[in-house]
Every structure is written in C-alpha cells, then in structure tokens.
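Report on one structure; see the data block that follows.
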There are 2 protein chains.
Amino acid sequence: MSESVPVLDFGTMTEVVQFLMELDKLKRVERRTRLIGNSRHENSAEHSWHLAMAALSLAPFAGANIDIQRVVQMALLHDVVEIDAGDVLVYDLAGREAVHDEEIAAANRIFGLLPAAQRERFRTLWDEYEAGETAEARYANMLDRALPIMLNLHNEGQSWRENGIRLEQVVNRNQRLARQWPELWQHLHQHLQSAQQKGWLQ
Amino acid sequence: MSESVPVLDFGTMTEVVQFLMELDKLKRVERRTRLIGNSRHENSAEHSWHLAMAALSLAPFAGANIDIQRVVQMALLHDVVEIDAGDVLVYDLAGREAVHDEEIAAANRIFGLLPAAQRERFRTLWDEYEAGETAEARYANMLDRALPIMLNLHNEGQSWRENGIRLEQVVNRNQRLARQWPELWQHLHQHLQSAQQKGWLQ
C-alpha cells in the first residue's frame, strides 16, 4: 500500500495535493461488508462517505447538542490510517488491539504529509474520534457500529454469515450504543433477534 | 439501479434509514477515472469522500471567507442523483445536457425518501451546488473539476488517454477555475502542458 505517488509542484499547496493523492489509496482498503445485493466488498473510502452521510442525516435524532461539522469531519478522517494499517473486523478484539500501534504510526505518517496547521487540525480530530470521549466522538463511534449492522440487516446478514458472528458478540460490542442511544438500539436489537431466527447470525 | 431495498421499522428514523440504504447504490456508479496505479474505476461514493476531503484540506487556500461546513455537505451530496442518472464525462457536453432532467427527477425521488426537514435541507444544498452561484458552491464546483485533473496528472493521464481528450477541452472547461482560482490554475495548466508533451493529452 505504501508505494510512492509522484510529487508535483503546486506552490504553497504542494503538500496538501500530495496528501490528497495519498488518500486515494483508502479506496483500495477492503472491509468485510459487501454492498447491498452485490458481491463486491465495500472499501473504507466509500464507507467513510456513507458514515458522514449517516451522521448528517440522523443528526436530528442524536439527542444532545451535537456539533455536526466536527462529527462529519471525524467521519471523513476516521479510517485514513487504514491506508497503512488495513481494516480489522470489529469483532476481532485481539486483532484490533494488535493493530493499534500501526494506526498511530500511520496517523503520524499520513497527517505528517500536511503543513503544520492542517496536520494539527486533522490529528486532533482523529485523536478525538479514537478517544471516544466527547459527545461528537461518541455519536460518530456509535454510527460507525450501527451502519454496518444496518447494512447487514438489509443484506441477509452477509458479513455475519461469512465470518460466523454470533448475536451475543454483536450485543456485547454495542453495550455503549444500547446505553447511549436506546431508541436506535431498541430497533436494531429487535431486527438482530429476527436475523438470528433466520439463521443470519449464530 | 432502482431495485428496491427492504424497509425495516426504525420508528421515527425509518425514512432516514431507508434513505441511507438507498445511498449504498452510489458505490456502484462508475466514473471514468481509475485509482492511481490501479486498474479499477473510481466510483461516485468514494469520489464524494475524496472531494469532501479536498474541500477540507484546501480550505486555507480558498481565498474568500468560505463556510466550509456547507461546502463539505455539498460535496457529500453533489453526486447522489447519479444513483438514477449515472455519471456523465465532464467533457461530454451534449450528454450532460441530456441527463439534466433525469438528475432533477432523481433528486425528487431520492431526497423525497426523507422526512420534510432533512429533505428540504439536502435539496437546498444540492440546488445551491447545481446553481454554482454562491462562493461555497463555486469552491465545491472548482474542486470537483480540479480533483480528477490532479488524479490524471498523477496517473499518466489515464482517463484523458482512454477517452481521447484534448488539452484544449480541459482548458475550455476550466475557464471559470482559471479566472476564480488563478494560483491553482497556474500550476494545473503548467502540468497539463507537460502532460500534452508526454502524449497523455492530445
């Protein structure tokens, strides 16, 4: 993934253009989810777009006073580190732990392509998302969990079936969502139970 | 493209979830551009993410006082109508004219899935982008032109070569960019001339 892209002179914009060309590589990072009704795997760039659209569209239901601009920016940035570190399944807890240092190194390298002001702005947003402590980061995090569940529910449980996921795992990994956004969780949980009855989840 | 997606009950969020599942189809709309160093065509969903990232990253160079939040939202929304109308090459002027009515019908259908408040918000943003009259819409429009040029310049002129594009066409289609963002155009134009010398553009 780290083959180099030619550097062209864009004056004071050179570093930013270089960063944008580097971002093109996120379109090659495959997730486990496939498109609805389609055999192709989703990639992390189009997922980031979908997550930003989910954040915008569901904002009126998010409860607290959310700075939606910051949420959208976190959604756009949250997976950029996967250019170096790859995508790890949300239920692979050991794999996610193992990849954490790689993600930090990736953030250093990729945001490091930018001039200081943007580098700090984007890194601060990415750190905020990772820490998951502000209302905005929590909202973005919850949607990053909820969106693949919604896709699976509309796609006959495709990635659960392919990866042998159990209902219990989904429930355990989403306790925070259940606590913090009970209205959304209530519907998800009901559909998850009926997905299990259909054999889409073990 | 318009096969229907199952509708699941999410209470007051049902329409928004349905809209989000409909958006999944934008990941299937192919553009003429390919990924840098890769044989696959770019799709309109990942392009929309890339455009939103370009808007965020280049904001400090955009000159006037730009409401970046609105630009990012326009970038995320600008191609949603392609779910029904498909992508038309920027240099195919007759094709773009012909598809205009389809895009309006697509905006009615797709944003029409949403409850009134979000429908009006998203439609207003899409209309603003299409009209191209505000500073924010012009900035988003210019980047929507500039980004594929940058990708082509970093990818041996791939979509120009594949579609037999002439330097003159690129210059003519970007007169507004040249006028409104001369610093960016100066660099693009210089690289375009050297691309022509390499035979990437006719």
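Chain labels run A, B, ... following the order of the structure tokens; each chain numbers its residues from 1, and ligands are numbered from 1 in the order shown.
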For the structure I just gave you, how does DSSP split region 12-86 of chain B - specifically, which residues are strand (DSSP E or B)? Reply as a VMD selection string.
chain B and resid 30 to 34 41 to 43
Given only C-alpha atoms, how would the per-residue table for chain A near chain B read, listing every residue at most 6 Å away with its closest atom pair and distance in Å to one decimal, sorted by chain and number, as a tab-separated table?
```
residue	atom	partner	partner_atom	distance
A:Phe10	CA	B:His187	CA	5.5
A:Ala45	CA	B:Glu46	CA	5.2
A:Glu46	CA	B:Glu46	CA	4.2
A:Trp49	CA	B:Trp49	CA	4.9
A:Gln69	CA	B:Gln69	CA	5.9
A:His187	CA	B:Phe10	CA	5.5
```
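Residues in contact with Val88 (chain A) at up to 8 Å, not including ones fewer than 6 positions away on its chain and judged by only C-alpha atoms, are A:Arg31, A:Gly95, A:Arg96.
With only C-alpha atoms as the basis for measurement, B:Asp67 is the residue among B:Asp92, B:Asp84, B:Glu97, B:Asp67 that approaches Ala135 (chain B) most closely.
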What does the distance between CA of Val80 (chain A) and CA of Ala98 (chain A) come to in Å, to one decimal place?
17.5 Å
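CA of Arg145 (chain A) to CA of Asn174 (chain A) spans 7.5 Å [interatomic distance, one decimal].
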So how many Å separate CA of Met74 (chain A) and CA of Ala146 (chain A), to one decimal?
15.9 Å
Could you go through chain A and tell me which residues DSSP, when run on the backbone, assigns to helix (DSSP H, G or I), listing them as a VMD selection string?
chain A and resid 11 to 28 44 to 61 68 to 77 82 to 85 93 to 111 116 to 131 135 to 153 158 to 163 167 to 173 175 to 180 182 to 197
Excluding Ala107 (chain A) and its own-chain neighbours fewer than 2 positions away, which residues fall within 12 Å of it when counting only C-alpha atoms? Please give them as a VMD selection string.
chain A and resid 77 to 85 100 to 105 109 to 114 119 to 120 122 to 127 130
Can you list, as an NGL selection string, every protein, DNA or RNA residue that comes within 12 Å of Trp200 (chain B) when you count only C-alpha atoms, leaving out same-chain residues fewer than 4 positions away?
:B and (149 or 152-167 or 191-196)
In terms of the shortest atom-to-atom distance over only C-alpha atoms, which of B:His189, B:Gln175, B:Ala62, B:Gln169 is closest to Gln202 (chain B)?
B:Gln169
